[in-house]
Amino acid sequence: MIFIKTKWRQIALVVVFIVIGSLGWWWQGYARQGKYKDLVSAFYLMGVLKLNYYQPVNLTELMKAYWRTGNSAGMLQSLEDPYTRFLNKNEYMELTKETQGKFGGIGVYLIPKEEELLVSSVVKGSPGEKAGLQQGDRIVKVGDASVKDLSPDVAVARIRGKAGTQVLLRVARGEAENRREIDFSITRANILIPTVEMTIKPDSILGEYALIRITQFAETTGADLEKCLGEIDNSPQIKGMILDLRANPGGSLDAAVKVASQFIPAGTEILHIQRRSYPVQTITAVGNQHRQLPMVVLTDNWSASASEIVAGALKDQKRAVLVGSHTFGKDLIQEVKRLPGGAGATITIAKYLTSGKVNIHKRGVQPDQVVEIPGAMERLLKEGNPELFFKMQRLQEEEGLKVLRRQVAGSALKKAG
């Protein structure tokens, strides 16, 4: 009897070794074809998605997608969420640089738009500006790769790179019969993102006011803004502020909270995060120590993500008057996850409501005062002609100043009364 048990144990071990060997041979065969190389990362991702993805996921369907595509990128694409994407090692490293305030690149801000990357703004003095890139251009090809065949993060990562190296871009300018494609060869440089730019402007009525432009929400943005507001605190001749969030594609949620906190009292609601299977999390301001001057915020259709959180909080709390056009309408929050082996993934983990519990999905934050020129944005994109778009921007700034004057005048009356 003991002999029989031992014999069956030996047979079972042989079978196990055969199965393991067969699986190993099968896996190596597919790995040589470029499939299933990231099996460990894929199973890790499945667990992360099951626990953290903002919508319920079916593990069986995820497994099927992985077996069908042979990689984690294909598995994530099956979710049909443009913001949940796989990042290889280089792409993960580039993405983490994006929110640190500096990187090697060409100095443009980009918004994913269908199968293109829309240039929402160009950094002054950057290689992109010197080469002739302009607002409204759409990057359709990076090197030999079409943007439509890459995820936005991958395309952006390929545009960035070591200073002194070149990147080849094909850019579409205009649409339909006005569409033309232009090839650019641009030498990358070390780009220090000027996240906050302040200009003190004279005004015949106000005396002086501060125009503060935030171009992106990076790790440095809160500290950069703190310095600007410190200058305002020490300048009694400055009577008001205009905060320009136009063409700001967003960035770090933490940076958005730090920025909003410098304008509204401690404990004031900034946004409400809705995660699956979790109670609603309300993020509040940590407080401010700055002069609470009359304030206007400028927004447009390219103010996205973190820009919308700040604009929504300042509007809902009646801290500022919003002037311009509605924002982009992105109400999803992503988290960057590092995966085994050094790769990564961006995963949509939550939706949010603005400070006043407003849902901005696909409609954006609505301005208090709309200033638009019908067709200006379309003309920029379809014809590549920015003239009307720039005129609209000037009108928004002029109207913002008028609103600011009225606010200051009203504040003075209240004090006098």
# chains A, B, ... in the order shown; residues from 1 in each chain; ligands from 1

$ residues_around --residues "Lys227 (chain A)" --least-positions-apart "3" --cutoff "12 Å" --atoms "only C-alpha atoms" --output "list in words"
Val196, Glu197, Met198, Ile212, Thr220, Thr221, Gly222, Ala223, Asp224, Gly230, Glu231, Ile232, Asp233, Asn234, Val259, Gln262 and His290 of chain A

$ write_last_selection --atoms "N, CA, C and O atoms" --output "compact mmCIF listing (two decimals), in the first residue's frame"
# COMPACT_ATOMS: atom_id res chain seq x y z
N VAL A 196 3.72 79.18 -14.06
CA VAL A 196 3.02 80.41 -13.64
C VAL A 196 3.78 81.63 -14.16
O VAL A 196 4.98 81.75 -13.93
N GLU A 197 3.07 82.47 -14.88
CA GLU A 197 3.66 83.71 -15.39
C GLU A 197 2.80 84.88 -14.91
O GLU A 197 1.58 84.87 -15.12
N MET A 198 3.42 85.88 -14.29
CA MET A 198 2.65 87.03 -13.81
C MET A 198 3.16 88.32 -14.45
O MET A 198 4.37 88.55 -14.53
N ILE A 212 -2.23 86.78 -14.16
CA ILE A 212 -1.50 85.55 -13.82
C ILE A 212 -1.94 84.44 -14.77
O ILE A 212 -3.12 84.11 -14.84
N THR A 220 5.58 71.99 -9.38
CA THR A 220 6.13 73.30 -9.02
C THR A 220 5.08 74.41 -9.00
O THR A 220 5.37 75.53 -8.54
N THR A 221 3.87 74.14 -9.49
CA THR A 221 2.89 75.21 -9.71
C THR A 221 2.46 75.91 -8.42
O THR A 221 2.37 77.14 -8.37
N GLY A 222 2.18 75.15 -7.38
CA GLY A 222 1.74 75.74 -6.12
C GLY A 222 2.76 76.71 -5.57
O GLY A 222 2.43 77.83 -5.16
N ALA A 223 4.05 76.32 -5.58
CA ALA A 223 5.11 77.18 -5.07
C ALA A 223 5.31 78.39 -5.96
O ALA A 223 5.56 79.51 -5.48
N ASP A 224 5.20 78.19 -7.30
CA ASP A 224 5.35 79.31 -8.23
C ASP A 224 4.25 80.35 -7.99
O ASP A 224 4.51 81.56 -7.99
N GLY A 230 2.71 86.44 -3.19
CA GLY A 230 3.49 87.16 -2.18
C GLY A 230 3.86 88.55 -2.67
O GLY A 230 3.84 89.52 -1.89
N GLU A 231 4.20 88.65 -3.96
CA GLU A 231 4.50 89.97 -4.54
C GLU A 231 3.27 90.87 -4.50
O GLU A 231 3.36 92.07 -4.20
N ILE A 232 2.11 90.28 -4.80
CA ILE A 232 0.86 91.06 -4.77
C ILE A 232 0.56 91.53 -3.35
O ILE A 232 0.12 92.66 -3.13
N ASP A 233 0.79 90.66 -2.38
CA ASP A 233 0.55 91.02 -0.97
C ASP A 233 1.34 92.27 -0.58
O ASP A 233 0.88 93.08 0.23
N ASN A 234 2.53 92.41 -1.15
CA ASN A 234 3.41 93.53 -0.80
C ASN A 234 3.27 94.72 -1.75
O ASN A 234 4.10 95.63 -1.72
N VAL A 259 -3.40 75.16 -5.72
CA VAL A 259 -3.71 76.44 -6.36
C VAL A 259 -5.04 76.99 -5.85
O VAL A 259 -5.14 78.15 -5.44
N GLN A 262 -5.17 78.60 -2.38
CA GLN A 262 -4.58 79.92 -2.16
C GLN A 262 -5.57 81.06 -2.43
O GLN A 262 -5.24 82.22 -2.21
N HIS A 290 -3.28 85.14 1.78
CA HIS A 290 -3.06 86.20 0.81
C HIS A 290 -4.22 87.20 0.76
O HIS A 290 -5.33 86.90 1.20

$ closest_residue --among "A:Ala256, A:Leu150, A:Leu314, A:Ile214" --to "Cys228 (chain A)" --atoms "only C-alpha atoms"
A:Ile214

$ closest_residue --among "A:Ala157, A:Ala131, A:Val370, A:Ala345" --to "Leu76 (chain A)" --atoms "only C-alpha atoms"
A:Ala345

$ residues_around --residues "region 158-168 of chain A" --least-positions-apart "4" --cutoff "9 Å" --atoms "only C-alpha atoms" --output "JSON, numbers by chain"
{"A": [91, 94, 103, 104, 105, 106, 141, 142, 143, 144, 153, 154, 183, 184, 185, 186, 187, 188, 189, 190, 191]}

$ write_last_selection --atoms "all heavy atoms" --output "compact mmCIF listing (two decimals), in the first residue's frame"
# COMPACT_ATOMS: atom_id res chain seq x y z
N GLU A 91 8.17 55.13 -21.63
CA GLU A 91 6.97 55.96 -21.59
C GLU A 91 6.59 56.30 -20.14
O GLU A 91 6.17 57.42 -19.84
CB GLU A 91 5.81 55.24 -22.29
CG GLU A 91 6.03 55.09 -23.77
CD GLU A 91 5.24 53.95 -24.39
OE1 GLU A 91 4.47 53.30 -23.66
OE2 GLU A 91 5.39 53.71 -25.60
N GLU A 94 8.92 58.99 -18.97
CA GLU A 94 8.59 60.28 -19.57
C GLU A 94 7.34 60.88 -18.93
O GLU A 94 7.25 62.09 -18.71
CB GLU A 94 8.38 60.13 -21.08
CG GLU A 94 9.65 59.88 -21.86
CD GLU A 94 10.65 61.01 -21.74
OE1 GLU A 94 10.22 62.18 -21.60
OE2 GLU A 94 11.87 60.75 -21.77
N PHE A 103 11.54 68.98 -18.59
CA PHE A 103 11.73 67.78 -19.39
C PHE A 103 12.46 68.16 -20.67
O PHE A 103 12.59 69.34 -21.01
CB PHE A 103 10.38 67.12 -19.73
CG PHE A 103 9.42 68.04 -20.44
CD1 PHE A 103 9.45 68.16 -21.82
CD2 PHE A 103 8.49 68.76 -19.72
CE1 PHE A 103 8.57 69.00 -22.47
CE2 PHE A 103 7.60 69.61 -20.37
CZ PHE A 103 7.64 69.73 -21.75
N GLY A 104 12.97 67.15 -21.37
CA GLY A 104 13.57 67.38 -22.67
C GLY A 104 12.50 67.27 -23.73
O GLY A 104 11.83 66.24 -23.83
N GLY A 105 12.31 68.32 -24.51
CA GLY A 105 11.26 68.28 -25.51
C GLY A 105 11.30 69.49 -26.42
O GLY A 105 12.34 70.12 -26.60
N ILE A 106 10.13 69.85 -26.98
CA ILE A 106 10.09 70.94 -27.96
C ILE A 106 9.27 72.13 -27.47
O ILE A 106 9.20 73.15 -28.13
CB ILE A 106 9.53 70.44 -29.30
CG1 ILE A 106 8.10 69.93 -29.16
CG2 ILE A 106 10.44 69.35 -29.88
CD1 ILE A 106 7.43 69.59 -30.48
N LYS A 141 1.89 62.66 -37.06
CA LYS A 141 2.92 61.64 -37.21
C LYS A 141 4.15 62.03 -36.41
O LYS A 141 4.57 63.20 -36.42
CB LYS A 141 3.28 61.48 -38.69
CG LYS A 141 4.03 60.22 -39.04
CD LYS A 141 4.17 60.08 -40.55
CE LYS A 141 4.86 58.78 -40.93
NZ LYS A 141 5.00 58.65 -42.40
N VAL A 142 4.70 61.07 -35.66
CA VAL A 142 5.93 61.28 -34.91
C VAL A 142 6.96 60.29 -35.43
O VAL A 142 6.78 59.07 -35.29
CB VAL A 142 5.72 61.07 -33.40
CG1 VAL A 142 7.01 61.38 -32.65
CG2 VAL A 142 4.59 61.95 -32.88
N GLY A 143 8.01 60.79 -36.07
CA GLY A 143 8.94 59.89 -36.72
C GLY A 143 8.23 59.14 -37.84
O GLY A 143 7.56 59.72 -38.68
N ASP A 144 8.36 57.82 -37.81
CA ASP A 144 7.70 56.99 -38.83
C ASP A 144 6.32 56.51 -38.39
O ASP A 144 5.64 55.81 -39.14
CB ASP A 144 8.57 55.76 -39.15
CG ASP A 144 9.89 56.16 -39.79
OD1 ASP A 144 9.90 57.18 -40.52
OD2 ASP A 144 10.90 55.46 -39.58
N ASP A 153 -0.20 59.04 -24.79
CA ASP A 153 0.97 59.06 -23.91
C ASP A 153 2.22 58.60 -24.64
O ASP A 153 3.31 59.15 -24.46
CB ASP A 153 0.74 58.17 -22.69
CG ASP A 153 -0.28 58.76 -21.74
OD1 ASP A 153 -0.30 60.00 -21.60
OD2 ASP A 153 -1.05 58.00 -21.14
N VAL A 154 2.06 57.57 -25.48
CA VAL A 154 3.21 57.06 -26.24
C VAL A 154 3.67 58.11 -27.25
O VAL A 154 4.87 58.35 -27.41
CB VAL A 154 2.82 55.75 -26.95
CG1 VAL A 154 3.94 55.31 -27.89
CG2 VAL A 154 2.55 54.65 -25.93
N ASP A 183 6.00 69.03 -42.71
CA ASP A 183 7.00 68.26 -41.99
C ASP A 183 7.95 69.20 -41.26
O ASP A 183 8.43 70.18 -41.82
CB ASP A 183 7.79 67.36 -42.93
CG ASP A 183 6.95 66.21 -43.48
OD1 ASP A 183 6.08 65.71 -42.73
OD2 ASP A 183 7.14 65.82 -44.64
N PHE A 184 8.20 68.88 -39.98
CA PHE A 184 9.11 69.67 -39.15
C PHE A 184 10.21 68.75 -38.61
O PHE A 184 9.92 67.63 -38.20
CB PHE A 184 8.39 70.29 -37.96
CG PHE A 184 7.42 71.38 -38.31
CD1 PHE A 184 6.10 71.07 -38.64
CD2 PHE A 184 7.81 72.71 -38.30
CE1 PHE A 184 5.20 72.07 -38.96
CE2 PHE A 184 6.91 73.72 -38.61
CZ PHE A 184 5.61 73.40 -38.94
N SER A 185 11.43 69.24 -38.63
CA SER A 185 12.54 68.58 -37.94
C SER A 185 12.97 69.54 -36.84
O SER A 185 13.49 70.63 -37.11
CB SER A 185 13.70 68.30 -38.89
OG SER A 185 14.78 67.73 -38.18
N ILE A 186 12.74 69.15 -35.58
CA ILE A 186 12.94 70.06 -34.46
C ILE A 186 13.98 69.46 -33.50
O ILE A 186 13.90 68.28 -33.14
CB ILE A 186 11.62 70.30 -33.71
CG1 ILE A 186 10.54 70.80 -34.69
CG2 ILE A 186 11.81 71.29 -32.58
CD1 ILE A 186 9.18 70.96 -34.05
N THR A 187 14.93 70.28 -33.11
CA THR A 187 15.95 69.85 -32.15
C THR A 187 15.44 70.08 -30.74
O THR A 187 15.09 71.21 -30.37
CB THR A 187 17.26 70.61 -32.36
OG1 THR A 187 17.73 70.41 -33.71
CG2 THR A 187 18.33 70.13 -31.38
N ARG A 188 15.37 69.02 -29.97
CA ARG A 188 14.87 69.11 -28.60
C ARG A 188 15.82 69.92 -27.72
O ARG A 188 17.02 70.00 -27.98
CB ARG A 188 14.70 67.72 -27.99
CG ARG A 188 13.74 66.78 -28.74
CD ARG A 188 13.70 65.45 -28.04
NE ARG A 188 12.80 64.48 -28.66
CZ ARG A 188 13.18 63.53 -29.51
NH1 ARG A 188 14.47 63.43 -29.83
NH2 ARG A 188 12.31 62.68 -30.01
N ALA A 189 15.25 70.49 -26.67
CA ALA A 189 16.03 71.23 -25.68
C ALA A 189 15.49 70.89 -24.29
O ALA A 189 14.41 70.32 -24.15
CB ALA A 189 15.93 72.73 -25.94
N ASN A 190 16.25 71.22 -23.25
CA ASN A 190 15.74 71.07 -21.90
C ASN A 190 14.71 72.16 -21.65
O ASN A 190 15.04 73.35 -21.72
CB ASN A 190 16.88 71.19 -20.88
CG ASN A 190 17.76 69.95 -20.88
OD1 ASN A 190 17.27 68.84 -21.02
ND2 ASN A 190 19.06 70.15 -20.75
N ILE A 191 13.47 71.75 -21.42
CA ILE A 191 12.37 72.69 -21.28
C ILE A 191 12.05 72.86 -19.80
O ILE A 191 11.73 71.90 -19.10
CB ILE A 191 11.11 72.20 -22.02
CG1 ILE A 191 11.43 71.90 -23.49
CG2 ILE A 191 9.99 73.21 -21.89
CD1 ILE A 191 11.83 73.10 -24.30

$ closest_residue --among "A:Tyr352, A:Trp302, A:Gln366, A:Ile242" --to "Glu399 (chain A)" --atoms "only C-alpha atoms"
A:Ile242

$ select_by_dssp --residues "region 187-241 of chain A" --states "helix (DSSP H, G or I)" --output "tab-separated table (two decimals) with N, CA, C and O atoms, in the first residue's frame"
chain	number	residue	atom	x	y	z
A	221	THR	N	3.87	74.14	-9.49
A	221	THR	CA	2.89	75.21	-9.71
A	221	THR	C	2.46	75.91	-8.42
A	221	THR	O	2.37	77.14	-8.37
A	222	GLY	N	2.18	75.15	-7.38
A	222	GLY	CA	1.74	75.74	-6.12
A	222	GLY	C	2.76	76.71	-5.57
A	222	GLY	O	2.43	77.83	-5.16
A	223	ALA	N	4.05	76.32	-5.58
A	223	ALA	CA	5.11	77.18	-5.07
A	223	ALA	C	5.31	78.39	-5.96
A	223	ALA	O	5.56	79.51	-5.48
A	224	ASP	N	5.20	78.19	-7.30
A	224	ASP	CA	5.35	79.31	-8.23
A	224	ASP	C	4.25	80.35	-7.99
A	224	ASP	O	4.51	81.56	-7.99
A	225	LEU	N	3.03	79.88	-7.79
A	225	LEU	CA	1.92	80.79	-7.54
A	225	LEU	C	2.10	81.51	-6.21
A	225	LEU	O	1.81	82.71	-6.09
A	226	GLU	N	2.59	80.79	-5.22
A	226	GLU	CA	2.82	81.38	-3.89
A	226	GLU	C	3.74	82.60	-3.99
A	226	GLU	O	3.50	83.64	-3.35
A	227	LYS	N	4.79	82.49	-4.80
A	227	LYS	CA	5.71	83.62	-4.97
A	227	LYS	C	5.02	84.82	-5.61
A	227	LYS	O	5.22	85.96	-5.18
A	228	CYS	N	4.20	84.55	-6.63
A	228	CYS	CA	3.49	85.64	-7.30
A	228	CYS	C	2.52	86.34	-6.35
A	228	CYS	O	2.46	87.57	-6.30
A	229	LEU	N	1.77	85.56	-5.59
A	229	LEU	CA	0.81	86.15	-4.68
A	229	LEU	C	1.51	86.89	-3.54
A	229	LEU	O	0.98	87.87	-3.01
A	230	GLY	N	2.71	86.44	-3.19
A	230	GLY	CA	3.49	87.16	-2.18
A	230	GLY	C	3.86	88.55	-2.67
A	230	GLY	O	3.84	89.52	-1.89
A	231	GLU	N	4.20	88.65	-3.96
A	231	GLU	CA	4.50	89.97	-4.54
A	231	GLU	C	3.27	90.87	-4.50
A	231	GLU	O	3.36	92.07	-4.20
A	232	ILE	N	2.11	90.28	-4.80
A	232	ILE	CA	0.86	91.06	-4.77
A	232	ILE	C	0.56	91.53	-3.35
A	232	ILE	O	0.12	92.66	-3.13
A	233	ASP	N	0.79	90.66	-2.38
A	233	ASP	CA	0.55	91.02	-0.97
A	233	ASP	C	1.34	92.27	-0.58
A	233	ASP	O	0.88	93.08	0.23

$ select_by_dssp --residues "region 300-394 of chain A" --states "strand (DSSP E or B)" --output "list in words"
Val321, Leu322, Val323, Gly324, Leu332, Ile333, Gln334, Glu335, Val336, Lys337, Arg338, Gly344, Ala345, Thr346, Ile347, Thr348, Ile349, Ala350, Lys351, Tyr352, Leu353, Thr354, Gln369 and Val370 of chain A

$ atom_distance --atom1 "CA of Ser78 (chain A)" --atom2 "CA of Thr60 (chain A)"
12.2 Å

$ residues_around --residues "Val171 (chain A)" --least-positions-apart "2" --cutoff "12 Å" --atoms "only C-alpha atoms" --output "ChimeraX atom specification"
/A:116-119,128,131-143,146-147,168-169,173-175,179-185,381,384

$ write_last_selection --atoms "C-alpha atoms" --output "mmCIF file, in the first residue's frame"
data_model
loop_
_atom_site.group_PDB
_atom_site.id
_atom_site.type_symbol
_atom_site.label_atom_id
_atom_site.label_comp_id
_atom_site.auth_asym_id
_atom_site.auth_seq_id
_atom_site.Cartn_x
_atom_site.Cartn_y
_atom_site.Cartn_z
ATOM 1 C CA GLU A 116 -4.290 63.596 -33.541
ATOM 2 C CA LEU A 117 -2.494 65.628 -30.889
ATOM 3 C CA LEU A 118 -3.819 69.173 -30.776
ATOM 4 C CA VAL A 119 -1.294 71.925 -30.036
ATOM 5 C CA GLY A 128 8.585 74.414 -31.196
ATOM 6 C CA ALA A 131 10.341 75.958 -35.824
ATOM 7 C CA GLY A 132 6.982 77.584 -36.589
ATOM 8 C CA LEU A 133 4.460 75.454 -34.689
ATOM 9 C CA GLN A 134 1.305 77.352 -33.698
ATOM 10 C CA GLN A 135 -1.921 76.952 -31.739
ATOM 11 C CA GLY A 136 -4.425 74.765 -33.551
ATOM 12 C CA ASP A 137 -1.818 72.616 -35.325
ATOM 13 C CA ARG A 138 -2.430 68.872 -35.079
ATOM 14 C CA ILE A 139 0.469 66.461 -34.879
ATOM 15 C CA VAL A 140 -0.426 63.416 -36.987
ATOM 16 C CA LYS A 141 2.916 61.639 -37.211
ATOM 17 C CA VAL A 142 5.930 61.278 -34.909
ATOM 18 C CA GLY A 143 8.943 59.892 -36.725
ATOM 19 C CA SER A 146 1.190 57.638 -37.151
ATOM 20 C CA VAL A 147 -0.376 59.151 -34.021
ATOM 21 C CA LEU A 168 10.528 64.529 -36.943
ATOM 22 C CA LEU A 169 6.893 65.625 -36.887
ATOM 23 C CA ARG A 173 -2.840 72.671 -40.504
ATOM 24 C CA GLY A 174 -6.361 73.382 -41.707
ATOM 25 C CA GLU A 175 -9.039 70.874 -42.723
ATOM 26 C CA ARG A 179 -5.784 71.021 -45.072
ATOM 27 C CA ARG A 180 -2.074 70.826 -45.648
ATOM 28 C CA GLU A 181 0.521 68.668 -43.965
ATOM 29 C CA ILE A 182 3.879 70.148 -43.034
ATOM 30 C CA ASP A 183 6.998 68.256 -41.986
ATOM 31 C CA PHE A 184 9.113 69.665 -39.154
ATOM 32 C CA SER A 185 12.536 68.584 -37.936
ATOM 33 C CA LEU A 381 -8.667 74.147 -36.790
ATOM 34 C CA GLY A 384 -5.176 76.918 -39.923
#

$ residues_around --residues "Ala266 (chain A)" --least-positions-apart "2" --cutoff "12 Å" --atoms "only C-alpha atoms" --output "list of chain:residue names"
A:Val257, A:Lys258, A:Ala260, A:Ser261, A:Gln262, A:Phe263, A:Ile264, A:Thr268, A:Glu269, A:Ile270, A:Ile283, A:Thr284, A:Ala285, A:Val286, A:Gly287, A:Asn288, A:Gln289

$ closest_residue --among "A:Ser355, A:Thr299, A:Thr327, A:Ser252" --to "Gly267 (chain A)" --atoms "only C-alpha atoms"
A:Ser355

$ atom_distance --atom1 "CA of Lys391 (chain A)" --atom2 "CA of Glu372 (chain A)"
9.7 Å

$ residues_around --residues "Leu211 (chain A)" --least-positions-apart "5" --cutoff "8 Å" --atoms "only C-alpha atoms" --output "list in words"
Met198, Thr199, Ile200, Lys201, Met241, Ile242, Leu243 and Asp244 of chain A

$ closest_residue --among "A:Gln237, A:Thr215, A:Ile111, A:Leu59" --to "Pro202 (chain A)" --atoms "only C-alpha atoms"
A:Gln237

$ closest_residue --among "A:Phe217, A:Tyr44, A:Phe389, A:Tyr109" --to "Gly375 (chain A)" --atoms "only C-alpha atoms"
A:Phe389

$ atom_distance --atom1 "CA of Leu271 (chain A)" --atom2 "CA of Tyr83 (chain A)"
20.0 Å
